[in-house]
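To be precise, the following lines are entry.csv, and they hold CSV, C-alpha atoms and all ligand atoms.
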chain,number,residue,atom,x,y,z
A,144,MET,CA,-21.9,-8.6,-13.1
A,145,ASP,CA,-19.1,-6.2,-14.1
A,146,LEU,CA,-19.5,-3.4,-11.6
A,147,ASP,CA,-17.5,-0.2,-11.3
A,148,PRO,CA,-15.0,-0.1,-8.3
A,149,SER,CA,-17.1,2.6,-6.6
A,150,THR,CA,-20.1,0.2,-6.7
A,151,ARG,CA,-18.0,-2.9,-5.7
A,152,ALA,CA,-16.7,-1.1,-2.7
A,153,LEU,CA,-20.3,-1.0,-1.4
A,154,HIS,CA,-22.1,-4.0,-2.7
A,155,GLY,CA,-21.6,-7.8,-2.5
A,156,PRO,CA,-23.3,-10.3,-4.8
A,157,GLU,CA,-25.9,-11.3,-2.3
A,158,PRO,CA,-29.0,-9.2,-1.5
A,159,LEU,CA,-29.5,-8.5,2.2
A,160,ALA,CA,-31.8,-10.9,3.9
A,161,PRO,CA,-35.0,-9.3,5.4
A,162,GLY,CA,-34.1,-7.9,8.8
A,163,ALA,CA,-30.4,-8.0,8.2
A,164,PRO,CA,-28.6,-4.8,9.4
A,165,LEU,CA,-27.5,-2.5,6.5
A,166,VAL,CA,-24.1,-2.1,8.2
A,167,PRO,CA,-22.2,-5.2,9.2
A,168,PRO,CA,-22.1,-5.2,13.0
A,169,LEU,CA,-19.0,-4.7,15.1
A,170,VAL,CA,-18.6,-8.1,16.7
A,171,LEU,CA,-16.6,-7.9,19.9
A,172,THR,CA,-16.1,-11.4,21.2
A,173,SER,CA,-13.2,-13.7,21.9
A,174,THR,CA,-15.1,-16.9,21.5
A,175,PHE,CA,-18.3,-18.3,19.8
A,176,ALA,CA,-20.8,-20.8,21.0
A,177,SER,CA,-19.6,-24.3,19.9
A,178,ALA,CA,-19.3,-27.9,21.1
A,179,GLY,CA,-17.9,-31.0,19.6
A,180,ASP,CA,-15.6,-30.9,16.5
A,181,PRO,CA,-14.6,-27.2,16.0
A,182,ALA,CA,-14.3,-27.9,12.3
A,183,ASP,CA,-18.1,-28.3,12.2
A,184,VAL,CA,-18.8,-24.7,13.2
A,185,PRO,CA,-18.0,-21.6,11.1
A,186,LEU,CA,-16.3,-19.9,14.0
A,187,ALA,CA,-15.1,-21.3,17.4
A,188,TYR,CA,-12.3,-19.0,18.6
A,189,ALA,CA,-11.7,-15.4,17.5
A,190,ARG,CA,-8.0,-15.7,16.6
A,191,TYR,CA,-9.2,-17.7,13.5
A,192,GLY,CA,-12.0,-15.4,12.4
A,193,ASN,CA,-14.4,-12.6,13.1
A,194,PRO,CA,-17.5,-11.5,11.1
A,195,THR,CA,-16.3,-7.9,11.2
A,196,TRP,CA,-13.0,-8.9,9.5
A,197,SER,CA,-14.9,-10.9,6.9
A,198,ALA,CA,-17.0,-7.8,5.9
A,199,LEU,CA,-13.8,-5.8,5.3
A,200,GLU,CA,-12.1,-8.7,3.5
A,201,ASP,CA,-15.2,-9.3,1.3
A,202,ALA,CA,-15.0,-5.6,0.2
A,203,LEU,CA,-11.3,-5.7,-0.4
A,204,GLY,CA,-11.6,-9.0,-2.3
A,205,ARG,CA,-14.3,-7.5,-4.5
A,206,LEU,CA,-12.0,-4.6,-5.5
A,207,GLU,CA,-9.2,-7.0,-6.5
A,208,ASP,CA,-11.3,-10.0,-7.6
A,209,ALA,CA,-9.3,-12.1,-5.1
A,210,ARG,CA,-9.4,-13.4,-1.6
A,211,ALA,CA,-8.2,-11.0,1.0
A,212,THR,CA,-6.8,-11.6,4.5
A,213,THR,CA,-6.5,-8.7,6.9
A,214,PHE,CA,-3.8,-8.3,9.6
A,215,ALA,CA,-3.0,-6.0,12.5
A,216,SER,CA,-0.7,-3.8,10.2
A,217,GLY,CA,0.8,-3.7,6.8
A,218,LEU,CA,4.1,-5.1,8.1
A,219,GLY,CA,2.1,-7.9,9.9
A,220,ALA,CA,0.7,-8.8,6.5
A,221,THR,CA,4.1,-8.5,4.9
A,222,HIS,CA,5.6,-10.8,7.5
A,223,ALA,CA,3.0,-13.5,7.1
A,224,LEU,CA,3.1,-13.4,3.3
A,225,LEU,CA,6.9,-13.6,3.3
A,226,LEU,CA,6.8,-16.6,5.6
A,227,ALA,CA,4.0,-18.3,3.6
A,228,LEU,CA,6.0,-17.8,0.3
A,229,MET,CA,9.5,-18.6,1.6
A,230,ARG,CA,8.7,-22.4,1.9
A,231,GLY,CA,11.5,-24.0,-0.1
A,232,ARG,CA,13.0,-20.6,-0.9
A,233,GLN,CA,15.7,-18.9,1.1
A,234,ARG,CA,16.2,-15.9,-1.1
A,235,LEU,CA,14.3,-12.6,-1.3
A,236,LEU,CA,14.8,-10.2,-4.2
A,237,LEU,CA,13.6,-6.9,-2.9
A,238,LEU,CA,13.4,-3.7,-4.7
A,239,ARG,CA,16.2,-1.3,-3.8
A,240,ASP,CA,14.3,1.9,-2.9
A,241,GLY,CA,10.9,0.9,-1.5
A,242,TYR,CA,9.4,1.2,1.9
A,243,HIS,CA,12.3,1.0,4.4
A,244,GLY,CA,10.3,-1.1,6.9
A,245,VAL,CA,10.4,-4.1,4.6
A,246,ARG,CA,14.2,-3.8,4.2
A,247,GLU,CA,14.5,-3.8,8.1
A,248,LEU,CA,12.2,-6.8,8.4
A,249,ALA,CA,14.4,-8.6,5.8
A,250,LYS,CA,17.4,-7.9,8.0
A,251,LEU,CA,15.7,-9.7,10.9
A,252,LEU,CA,14.9,-12.6,8.7
A,253,ALA,CA,18.6,-12.8,7.7
A,254,GLU,CA,19.3,-14.1,11.2
A,255,ARG,CA,17.0,-17.0,10.2
A,256,GLY,CA,18.8,-17.8,7.0
A,257,VAL,CA,16.9,-15.7,4.5
A,258,ARG,CA,19.3,-14.0,2.0
A,259,THR,CA,18.0,-10.7,0.7
A,260,ASP,CA,19.4,-9.0,-2.5
A,261,LEU,CA,18.3,-5.5,-3.4
A,262,PHE,CA,17.5,-5.0,-7.1
A,263,ASP,CA,16.2,-2.4,-9.4
A,264,PRO,CA,13.0,-3.6,-11.0
A,265,ALA,CA,13.7,-1.3,-14.0
A,266,ASP,CA,16.4,-3.8,-15.0
A,267,ARG,CA,14.5,-6.9,-16.0
A,268,GLU,CA,17.6,-8.7,-17.4
A,269,ALA,CA,19.3,-8.5,-14.0
A,270,LEU,CA,16.3,-10.0,-12.4
A,271,GLY,CA,16.4,-12.9,-14.8
A,272,ARG,CA,20.0,-13.5,-14.0
A,273,ALA,CA,19.4,-13.4,-10.3
A,274,LEU,CA,16.4,-15.8,-10.6
A,275,ALA,CA,18.5,-18.3,-12.6
A,276,GLU,CA,20.8,-18.8,-9.7
A,277,GLU,CA,18.3,-20.1,-7.1
A,278,PRO,CA,14.6,-20.1,-6.1
A,279,ALA,CA,13.5,-16.7,-4.8
A,280,VAL,CA,10.5,-14.5,-3.9
A,281,VAL,CA,10.4,-11.3,-5.9
A,282,TRP,CA,9.0,-8.3,-4.0
A,283,ILE,CA,8.3,-4.9,-5.5
A,284,GLU,CA,6.2,-1.8,-5.1
A,285,SER,CA,4.7,0.3,-7.8
A,286,PRO,CA,4.4,3.2,-7.5
A,287,THR,CA,7.2,3.2,-4.9
A,288,ASN,CA,7.3,5.0,-1.6
A,289,PRO,CA,8.7,7.7,-1.6
A,290,PHE,CA,10.0,8.1,-5.2
A,291,LEU,CA,6.7,7.1,-6.9
A,292,ARG,CA,8.6,5.1,-9.5
A,293,VAL,CA,6.4,2.9,-11.7
A,294,PHE,CA,7.5,-0.5,-12.9
A,295,ASP,CA,6.1,-2.8,-15.5
A,296,VAL,CA,4.2,-5.4,-13.4
A,297,ALA,CA,3.3,-7.6,-16.3
A,298,GLY,CA,6.9,-7.7,-17.6
A,299,LEU,CA,8.3,-8.5,-14.2
A,300,ALA,CA,5.6,-11.1,-13.5
A,301,GLU,CA,6.5,-12.9,-16.8
A,302,VAL,CA,10.2,-13.0,-15.9
A,303,ALA,CA,9.4,-14.2,-12.4
A,304,ARG,CA,6.9,-16.9,-13.7
A,305,SER,CA,9.4,-18.2,-16.2
A,306,HIS,CA,11.7,-19.0,-13.2
A,307,GLY,CA,8.9,-20.4,-11.0
A,308,ALA,CA,9.2,-17.4,-8.6
A,309,PRO,CA,6.2,-15.6,-7.1
A,310,LEU,CA,5.9,-11.9,-7.6
A,311,VAL,CA,4.5,-9.8,-4.8
A,312,VAL,CA,3.4,-6.2,-5.4
A,313,ASP,CA,3.0,-3.9,-2.5
A,314,ASN,CA,-0.1,-1.9,-3.6
A,315,THR,CA,-0.2,0.6,-0.7
A,316,THR,CA,0.4,3.8,-2.6
A,317,ALA,CA,-2.1,3.1,-5.4
A,318,THR,CA,-4.6,1.1,-3.3
A,319,PRO,CA,-6.8,-1.7,-4.6
A,320,ALA,CA,-9.2,0.9,-6.0
A,321,LEU,CA,-6.7,2.4,-8.5
A,322,GLN,CA,-4.5,-0.6,-9.4
A,323,ARG,CA,-5.0,-4.4,-9.6
A,324,PRO,CA,-1.6,-6.0,-9.9
A,325,LEU,CA,-3.1,-9.4,-9.9
A,326,ASP,CA,-4.6,-8.6,-13.3
A,327,PHE,CA,-1.0,-8.1,-14.6
A,328,GLY,CA,0.2,-11.5,-13.3
A,329,ALA,CA,1.3,-10.8,-9.7
A,330,THR,CA,0.9,-13.8,-7.4
A,331,ALA,CA,-0.2,-11.7,-4.4
A,332,THR,CA,-0.5,-8.1,-3.3
A,333,VAL,CA,0.1,-6.6,0.1
A,334,THR,CA,-1.5,-3.3,1.2
A,335,SER,CA,-1.0,-1.2,4.2
A,336,ILE,CA,-4.6,-0.4,4.9
A,337,THR,CA,-3.3,2.1,7.4
A,338,LYS,CA,-2.7,4.5,4.5
A,339,ALA,CA,-5.3,5.6,1.9
A,340,THR,CA,-7.2,2.4,1.9
A,341,SER,CA,-8.7,3.1,5.3
A,342,GLY,CA,-8.0,6.8,4.7
A,343,HIS,CA,-8.8,8.5,8.0
A,344,SER,CA,-5.5,8.2,9.9
A,345,ASP,CA,-7.2,6.4,12.7
A,346,VAL,CA,-6.2,2.7,12.3
A,347,LEU,CA,-3.2,0.4,11.6
A,348,LEU,CA,-4.2,-2.6,9.5
A,349,GLY,CA,-2.8,-4.5,6.5
A,350,SER,CA,-4.0,-7.1,4.0
A,351,VAL,CA,-2.8,-9.7,1.6
A,352,ALA,CA,-4.8,-10.5,-1.6
A,353,THR,CA,-4.3,-13.5,-3.9
A,354,ARG,CA,-6.2,-15.6,-6.4
A,355,ASP,CA,-4.1,-18.7,-5.5
A,356,ASP,CA,-6.3,-20.7,-3.0
A,357,ASP,CA,-3.4,-22.7,-1.6
A,358,LEU,CA,-1.4,-19.5,-0.9
A,359,HIS,CA,-4.6,-17.9,0.6
A,360,GLU,CA,-4.9,-20.8,3.1
A,361,ARG,CA,-1.2,-20.7,4.0
A,362,VAL,CA,-1.4,-17.0,4.7
A,363,ARG,CA,-4.5,-17.6,6.9
A,364,THR,CA,-2.7,-20.3,8.8
A,365,TRP,CA,0.2,-17.9,9.4
A,366,ARG,CA,-2.2,-15.2,10.6
A,367,GLY,CA,-4.1,-17.6,13.0
A,368,LEU,CA,-0.9,-19.0,14.5
A,369,GLY,CA,1.4,-16.0,14.1
A,370,GLY,CA,-1.4,-14.0,15.8
A,371,ALA,CA,-1.0,-10.7,14.0
A,372,ILE,CA,-4.8,-10.4,13.8
A,373,PRO,CA,-6.8,-7.2,13.2
A,374,GLY,CA,-8.9,-5.7,16.1
A,375,PRO,CA,-12.6,-5.9,15.2
A,376,PHE,CA,-13.0,-2.2,15.9
A,377,GLU,CA,-10.1,-1.3,13.5
A,378,ALA,CA,-11.7,-3.6,10.9
A,379,PHE,CA,-15.0,-1.8,11.3
A,380,LEU,CA,-13.5,1.6,10.8
A,381,ALA,CA,-11.4,0.4,7.9
A,382,HIS,CA,-14.5,-1.1,6.2
A,383,ARG,CA,-16.3,2.3,6.6
A,384,GLY,CA,-13.2,3.9,4.9
A,385,VAL,CA,-13.2,1.4,2.1
A,386,GLN,CA,-16.8,2.3,1.2
A,387,SER,CA,-15.5,5.8,0.1
A,388,LEU,CA,-12.1,4.7,-1.1
A,389,PRO,CA,-12.7,4.9,-4.9
A,390,LEU,CA,-14.2,8.3,-4.5
A,391,ARG,CA,-11.5,9.6,-2.2
A,392,VAL,CA,-8.5,8.4,-4.2
A,393,GLU,CA,-9.9,9.7,-7.5
A,394,ARG,CA,-10.3,13.2,-6.0
A,395,GLN,CA,-6.9,13.0,-4.3
A,396,SER,CA,-5.3,11.9,-7.6
A,397,ARG,CA,-6.7,14.9,-9.4
A,398,THR,CA,-5.4,17.3,-6.8
A,399,ALA,CA,-2.1,15.6,-6.4
A,400,GLY,CA,-1.5,15.6,-10.2
A,401,ALA,CA,-2.3,19.3,-10.3
A,402,LEU,CA,0.0,20.2,-7.4
A,403,ALA,CA,2.8,18.0,-8.9
A,404,GLY,CA,2.5,20.0,-12.2
A,405,ARG,CA,2.6,23.3,-10.3
A,406,LEU,CA,5.6,22.2,-8.1
A,407,ALA,CA,7.5,21.3,-11.2
A,408,GLY,CA,7.3,24.9,-12.3
A,409,HIS,CA,8.4,26.3,-8.9
A,410,PRO,CA,11.9,28.0,-8.9
A,411,ARG,CA,13.0,26.4,-5.6
A,412,VAL,CA,12.0,22.8,-6.6
A,413,LEU,CA,14.8,20.7,-8.0
A,414,ALA,CA,12.7,17.6,-8.9
A,415,VAL,CA,9.1,16.3,-8.6
A,416,HIS,CA,8.2,12.7,-8.3
A,417,TYR,CA,4.7,11.6,-9.4
A,418,PRO,CA,3.5,8.8,-11.7
A,419,GLY,CA,2.9,10.1,-15.2
A,420,LEU,CA,5.5,12.9,-14.9
A,421,ASP,CA,8.4,10.7,-16.0
A,422,PRO,CA,8.0,10.5,-19.8
A,423,GLU,CA,9.7,7.0,-19.8
A,424,THR,CA,6.9,5.4,-17.7
A,425,ALA,CA,4.0,7.8,-18.3
A,426,ASP,CA,2.2,5.4,-20.7
A,427,LEU,CA,2.8,2.4,-18.4
A,428,ALA,CA,1.5,4.4,-15.4
A,429,GLY,CA,-1.7,5.2,-17.4
A,430,ARG,CA,-2.2,1.5,-18.3
A,431,GLN,CA,-1.6,0.2,-14.8
A,432,MET,CA,-3.6,2.9,-13.0
A,433,PRO,CA,-6.2,4.1,-15.5
A,434,ARG,CA,-8.3,5.9,-12.8
A,435,GLY,CA,-5.6,8.0,-11.2
A,436,PHE,CA,-2.1,7.9,-9.7
A,437,GLY,CA,-3.0,8.2,-6.0
A,438,PRO,CA,-2.5,10.8,-3.2
A,439,LEU,CA,1.2,10.6,-2.8
A,440,LEU,CA,3.9,12.8,-4.4
A,441,SER,CA,7.4,13.9,-3.4
A,442,PHE,CA,9.7,16.7,-4.4
A,443,GLU,CA,13.2,17.9,-3.7
A,444,LEU,CA,13.7,21.4,-2.4
A,445,GLU,CA,16.9,23.4,-3.0
A,446,GLY,CA,18.8,24.0,0.3
A,447,GLY,CA,18.6,20.5,1.7
A,448,ALA,CA,17.4,19.5,5.1
A,449,PRO,CA,17.2,23.0,6.7
A,450,ALA,CA,15.2,24.4,3.8
A,451,ALA,CA,12.8,21.4,3.8
A,452,ASP,CA,12.3,21.5,7.6
A,453,ALA,CA,11.6,25.3,7.4
A,454,ALA,CA,9.1,24.9,4.7
A,455,ILE,CA,7.2,22.2,6.6
A,456,GLU,CA,7.1,24.4,9.6
A,457,ARG,CA,5.6,27.4,7.7
A,458,ALA,CA,2.6,25.5,6.3
A,459,LYS,CA,-0.7,26.3,7.9
A,460,LEU,CA,-3.0,23.7,6.4
A,461,ILE,CA,-0.7,20.8,5.5
A,462,ARG,CA,0.1,19.0,8.7
A,463,PRO,CA,3.6,17.8,9.6
A,464,ALA,CA,3.3,14.0,10.0
A,465,THR,CA,4.5,10.7,8.7
A,466,SER,CA,2.2,8.1,7.0
A,467,PHE,CA,0.0,9.1,4.1
A,468,GLY,CA,-3.4,8.7,2.4
A,469,GLY,CA,-5.6,10.4,5.0
A,470,VAL,CA,-8.4,12.9,4.3
A,471,GLU,CA,-6.2,15.7,5.6
A,472,SER,CA,-3.0,16.6,3.8
A,473,THR,CA,0.3,15.9,5.5
A,474,TRP,CA,3.9,16.1,4.7
A,475,GLU,CA,7.3,15.3,6.0
A,476,ARG,CA,11.0,15.3,5.2
A,477,ARG,CA,11.7,11.7,4.6
A,478,GLY,CA,15.4,11.8,5.3
A,479,ARG,CA,14.7,12.3,9.0
A,480,TRP,CA,14.0,8.5,9.3
A,481,PRO,CA,17.0,6.2,9.8
A,482,GLY,CA,17.3,3.7,7.0
A,483,GLU,CA,15.5,5.9,4.5
A,484,VAL,CA,17.4,6.3,1.2
A,485,ALA,CA,15.8,9.7,0.2
A,486,PRO,CA,17.9,12.8,-0.4
A,487,ASP,CA,18.1,15.3,2.5
A,488,GLY,CA,15.8,17.9,0.9
A,489,LEU,CA,13.1,15.4,-0.2
A,490,ILE,CA,9.6,16.2,1.1
A,491,ARG,CA,6.8,13.6,0.7
A,492,LEU,CA,3.4,15.2,0.4
A,493,SER,CA,0.2,13.3,1.0
A,494,VAL,CA,-2.7,15.1,-0.7
A,495,GLY,CA,-6.0,15.0,1.2
A,496,LEU,CA,-9.4,16.2,0.4
A,497,GLU,CA,-8.9,19.9,0.8
A,498,ALA,CA,-9.5,22.1,-2.3
A,499,GLU,CA,-6.5,22.4,-4.7
A,500,VAL,CA,-6.6,26.2,-4.6
A,501,ASP,CA,-6.2,26.2,-0.8
A,502,LEU,CA,-3.4,23.6,-0.8
A,503,TRP,CA,-1.5,25.4,-3.5
A,504,ARG,CA,-1.7,28.7,-1.6
A,505,ASP,CA,-0.3,26.8,1.5
A,506,VAL,CA,2.5,25.2,-0.5
A,507,GLU,CA,3.5,28.6,-2.1
A,508,ARG,CA,3.6,30.3,1.3
A,509,ALA,CA,5.6,27.4,2.8
A,510,LEU,CA,8.2,27.5,0.0
A,511,ASP,CA,8.6,31.2,0.1
A,512,ALA,CA,12.1,31.6,1.5
A,513,ARG,CA,11.7,35.3,2.5
A,601,LIG,C1,3.3,2.0,5.6
A,601,LIG,C2,3.7,1.0,4.6
A,601,LIG,C3,3.9,-0.3,5.0
A,601,LIG,C4,3.8,-0.8,6.4
A,601,LIG,O1,2.5,-0.7,6.8
A,601,LIG,P1,2.1,-0.5,8.4
A,601,LIG,O2,0.6,-0.5,8.3
A,601,LIG,O3,2.7,0.7,8.9
A,601,LIG,O4,2.6,-1.7,9.1
A,601,LIG,C5,4.3,-1.2,4.0
A,601,LIG,N1,4.5,-0.8,2.7
A,601,LIG,C6,4.3,0.5,2.3
A,601,LIG,C7,4.6,0.9,0.9
A,601,LIG,C8,4.0,1.4,3.3
A,601,LIG,O5,3.8,2.7,2.9
In structure tokens, how does this file's structure come out?
Amino acid sequence: MDLDPSTRALHGPEPLAPGAPLVPPLVLTSTFASAGDPADVPLAYARYGNPTWSALEDALGRLEDARATTFASGLGATHALLLALMRGRQRLLLLRDGYHGVRELAKLLAERGVRTDLFDPADREALGRALAEEPAVVWIESPTNPFLRVFDVAGLAEVARSHGAPLVVDNTTATPALQRPLDFGATATVTSITKATSGHSDVLLGSVATRDDDLHERVRTWRGLGGAIPGPFEAFLAHRGVQSLPLRVERQSRTAGALAGRLAGHPRVLAVHYPGLDPETADLAGRQMPRGFGPLLSFELEGGAPAADAAIERAKLIRPATSFGGVESTWERRGRWPGEVAPDGLIRLSVGLEAEVDLWRDVERALDAR
């Protein structure tokens, strides 16, 4: 049955058995009744599985037509997926200007012999040359955090595949409701559920999704033995968030697109970054994310760090905070983080569920230098 994402976020293929709870229960246990060979029971010890995780993973899997594995955080998911893929490969080709935490993790892995090269996914020929040298894992984001650049996933997947390299797409900014990189040939996606996917700024969680059964099993093994497992309560909350994910991100995309357009006309704004605004990638963004471009945008304010800090302080509705994708709008000056490559005056705005008119009034007030 070909269901819309809003429906798939809510319904599995099986009807509920009579007497089954409508809401998958929160199962708090460290162990399950079992005796004899543990392989003969579905669950024996809770580091290897929990029904509350499974309910969340089923919902995420339905959105991506894949098998999902959840972790204690987005970086926990990133770590396990990297280790699962780096078998027989010592090289990581990582996009230059993505989430800084992944670059920091790669630095730690360098001490274990993993060589990381930063590359620009807009340059497909350079990727082909790098892949011709030795086996590697290719890791990108689209749209990127915090510049919201959009890359051609199908084109990059083709280059990677022709060299036997897996392509990973970090799908955090778009979420599985707005973009399905596996449809464009990616080997796996990783999502920080912490952001819009759970959407209520109350949990840290992450997930890996893939259609490759062998990779799925290896990722599960790394989770079970690496131990970066989700808490059942966090999984319960995130599942509740996923039920409204398609609805939330569609509304957030509409408001974010409108605010991006208005910011582009503001006299104090030097540049606005939002998918669809760059004429070179606008068509591509529309093909890869036909339902909307997500809650995140960024813009550069004249006057650098002091001007950006002052604007953030003046806002009354938009809260000053890092992270993104919550129901309430937040913003921050990205350059305050060590290791971030953003210019000093860049503000990253996460658009929540408030009315566009109220948010724009708040932005105008905040940007008013007088
Ligand atoms: C936040 C984020 C991560 C890391 O996720 P955590 O849940 O904080 O560990 C990874 N990738 C991107 C693009 C992110 O925004």
*Distance atom CA of Phe262 of chain A-atom CA of Asp240 of chain A, one decimal place?*
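We find that atom CA of Phe262 of chain A and atom CA of Asp240 of chain A lie 8.7 Å from each other.
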*Hey, which of A:Ala160, A:Val311, A:Leu261, A:Ala275 ends up closest to ligand LIG 601 (chain A)? Count only C-alpha atoms and all ligand atoms.*
A:Val311
*Using only C-alpha atoms and all ligand atoms, find each protein or nucleic acid residue lying at most 6 Å from ligand LIG 601 (chain A); present the set as a ChimeraX atom specification.*
/A:216-218,242,288,315,335,337,347-349
*asked:* Residues within 10 Å of segment 481-488 of chain A, please, as a ChimeraX atom specification. Count all atoms listed in the file; anything in the same chain fewer than 3 positions from it doesn't count.
replied: /A:239-244,246-247,288-290,412-413,442-452,476-478,491
_Within 12 Å of Glu276 of chain A using all atoms listed in the file, minus same-chain residues under 4 positions, as a ChimeraX atom specification_ = /A:232-234,236,269-272,306,308
_Given all atoms listed in the file as the basis, pick out the residue of A:Leu489, A:Ala352, A:Leu225, A:Ala331 nearest to Asp201 of chain A._
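Of A:Leu489, A:Ala352, A:Leu225, A:Ala331, the one nearest Asp201 of chain A, counting all atoms listed in the file, is A:Ala352.
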*Would you kindly identify which residues have an atom no farther than 10 Å from (-2.9, -17.9, -3.8), using all atoms listed in the file and the file's own coordinates, and write them out as a ChimeraX atom specification?*
/A:209-211,228,309,330-331,351-362
*Take atom CA of Lys338 of chain A and atom CA of Pro156 of chain A and report the distance between them in Å, one decimal.*
27.0 Å
Leu248 of chain A environment, 12 Å, only C-alpha atoms, sequence neighbours closer than 3 positions dropped, as a PDB file with C-alpha atoms, in the coordinates of the input:
ATOM      1  CA  GLY A 217       0.800  -3.700   6.800  1.00  0.00           C
ATOM      2  CA  LEU A 218       4.100  -5.100   8.100  1.00  0.00           C
ATOM      3  CA  GLY A 219       2.100  -7.900   9.900  1.00  0.00           C
ATOM      4  CA  ALA A 220       0.700  -8.800   6.500  1.00  0.00           C
ATOM      5  CA  THR A 221       4.100  -8.500   4.900  1.00  0.00           C
ATOM      6  CA  HIS A 222       5.600 -10.800   7.500  1.00  0.00           C
ATOM      7  CA  ALA A 223       3.000 -13.500   7.100  1.00  0.00           C
ATOM      8  CA  LEU A 225       6.900 -13.600   3.300  1.00  0.00           C
ATOM      9  CA  LEU A 226       6.800 -16.600   5.600  1.00  0.00           C
ATOM     10  CA  LEU A 235      14.300 -12.600  -1.300  1.00  0.00           C
ATOM     11  CA  LEU A 237      13.600  -6.900  -2.900  1.00  0.00           C
ATOM     12  CA  TYR A 242       9.400   1.200   1.900  1.00  0.00           C
ATOM     13  CA  HIS A 243      12.300   1.000   4.400  1.00  0.00           C
ATOM     14  CA  GLY A 244      10.300  -1.100   6.900  1.00  0.00           C
ATOM     15  CA  VAL A 245      10.400  -4.100   4.600  1.00  0.00           C
ATOM     16  CA  LEU A 251      15.700  -9.700  10.900  1.00  0.00           C
ATOM     17  CA  LEU A 252      14.900 -12.600   8.700  1.00  0.00           C
ATOM     18  CA  ALA A 253      18.600 -12.800   7.700  1.00  0.00           C
ATOM     19  CA  GLU A 254      19.300 -14.100  11.200  1.00  0.00           C
ATOM     20  CA  ARG A 255      17.000 -17.000  10.200  1.00  0.00           C
ATOM     21  CA  VAL A 257      16.900 -15.700   4.500  1.00  0.00           C
ATOM     22  CA  ARG A 258      19.300 -14.000   2.000  1.00  0.00           C
ATOM     23  CA  THR A 259      18.000 -10.700   0.700  1.00  0.00           C
ATOM     24  CA  GLY A 482      17.300   3.700   7.000  1.00  0.00           C
TER      25      GLY A 482
END
*What residues have an atom no more than 6 Å from (-11.6, -2.0, -4.7) in the file's own frame, counting all atoms listed in the file, and can you write them as a list in words?*
Pro148, Ala152, Leu203, Leu206, Glu207, Pro319 and Ala320 of chain A
*In Å, rounded to a single decimal, give me how far atom CA of Gln395 of chain A is from atom CA of Glu377 of chain A.*
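Between atom CA of Glu377 of chain A and atom CA of Gln395 of chain A the gap is 23.1 Å.
With distances restricted to all atoms listed in the file, A:Asp313 is the closest residue to Pro286 of chain A from A:Asp421, A:Asp313, A:Glu497, A:Asp145.
Take the candidates A:Pro181, A:Pro158, A:Pro373, A:Pro422 and check each one against Ser350 of chain A using only C-alpha atoms; the shortest distance goes to A:Pro373.
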_Between A:Val494, A:Ala317, A:Leu388, A:Ala182, which residue has the minimum interatomic distance to Arg292 of chain A, considering only C-alpha atoms?_
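Among the listed residues, the smallest separation from Arg292 of chain A belongs to A:Ala317.
Closest approach to Ser173 of chain A among A:Glu200, A:Leu159, A:Ala249, A:Gly374 is made by A:Gly374 (distances from only C-alpha atoms).
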*For Asp511 of chain A: contacts at 12 Å, all atoms listed in the file, fewer than 2 positions along chain excluded, given as a ChimeraX atom specification*: /A:409-412,444-445,450-451,453-458,504-509,513
Taking the structure I provided as the source, export segment 402-411 of chain A with N, CA and C atoms, as a PDB file, in the first residue's frame.
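Just written: decode-v7.pdb:
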ATOM      1  N   LEU A 402      10.223  33.368   5.764  1.00  0.00           N
ATOM      2  CA  LEU A 402      11.170  34.214   6.511  1.00  0.00           C
ATOM      3  C   LEU A 402      12.479  34.381   5.738  1.00  0.00           C
ATOM      4  N   ALA A 403      12.926  33.320   5.073  1.00  0.00           N
ATOM      5  CA  ALA A 403      14.161  33.421   4.285  1.00  0.00           C
ATOM      6  C   ALA A 403      13.993  34.469   3.191  1.00  0.00           C
ATOM      7  N   GLY A 404      12.845  34.450   2.532  1.00  0.00           N
ATOM      8  CA  GLY A 404      12.578  35.434   1.477  1.00  0.00           C
ATOM      9  C   GLY A 404      12.567  36.850   2.037  1.00  0.00           C
ATOM     10  N   ARG A 405      11.940  37.042   3.181  1.00  0.00           N
ATOM     11  CA  ARG A 405      11.884  38.380   3.787  1.00  0.00           C
ATOM     12  C   ARG A 405      13.272  38.830   4.239  1.00  0.00           C
ATOM     13  N   LEU A 406      14.042  37.897   4.830  1.00  0.00           N
ATOM     14  CA  LEU A 406      15.394  38.257   5.278  1.00  0.00           C
ATOM     15  C   LEU A 406      16.262  38.689   4.104  1.00  0.00           C
ATOM     16  N   ALA A 407      16.067  38.035   2.952  1.00  0.00           N
ATOM     17  CA  ALA A 407      16.887  38.367   1.777  1.00  0.00           C
ATOM     18  C   ALA A 407      16.669  39.814   1.352  1.00  0.00           C
ATOM     19  N   GLY A 408      15.514  40.387   1.690  1.00  0.00           N
ATOM     20  CA  GLY A 408      15.248  41.783   1.335  1.00  0.00           C
ATOM     21  C   GLY A 408      15.579  42.763   2.458  1.00  0.00           C
ATOM     22  N   HIS A 409      16.141  42.276   3.552  1.00  0.00           N
ATOM     23  CA  HIS A 409      16.424  43.167   4.692  1.00  0.00           C
ATOM     24  C   HIS A 409      17.756  43.902   4.476  1.00  0.00           C
ATOM     25  N   PRO A 410      17.779  45.221   4.708  1.00  0.00           N
ATOM     26  CA  PRO A 410      19.000  45.988   4.400  1.00  0.00           C
ATOM     27  C   PRO A 410      20.232  45.580   5.213  1.00  0.00           C
ATOM     28  N   ARG A 411      20.059  44.980   6.377  1.00  0.00           N
ATOM     29  CA  ARG A 411      21.237  44.629   7.194  1.00  0.00           C
ATOM     30  C   ARG A 411      21.719  43.193   6.964  1.00  0.00           C
TER      31      ARG A 411
END
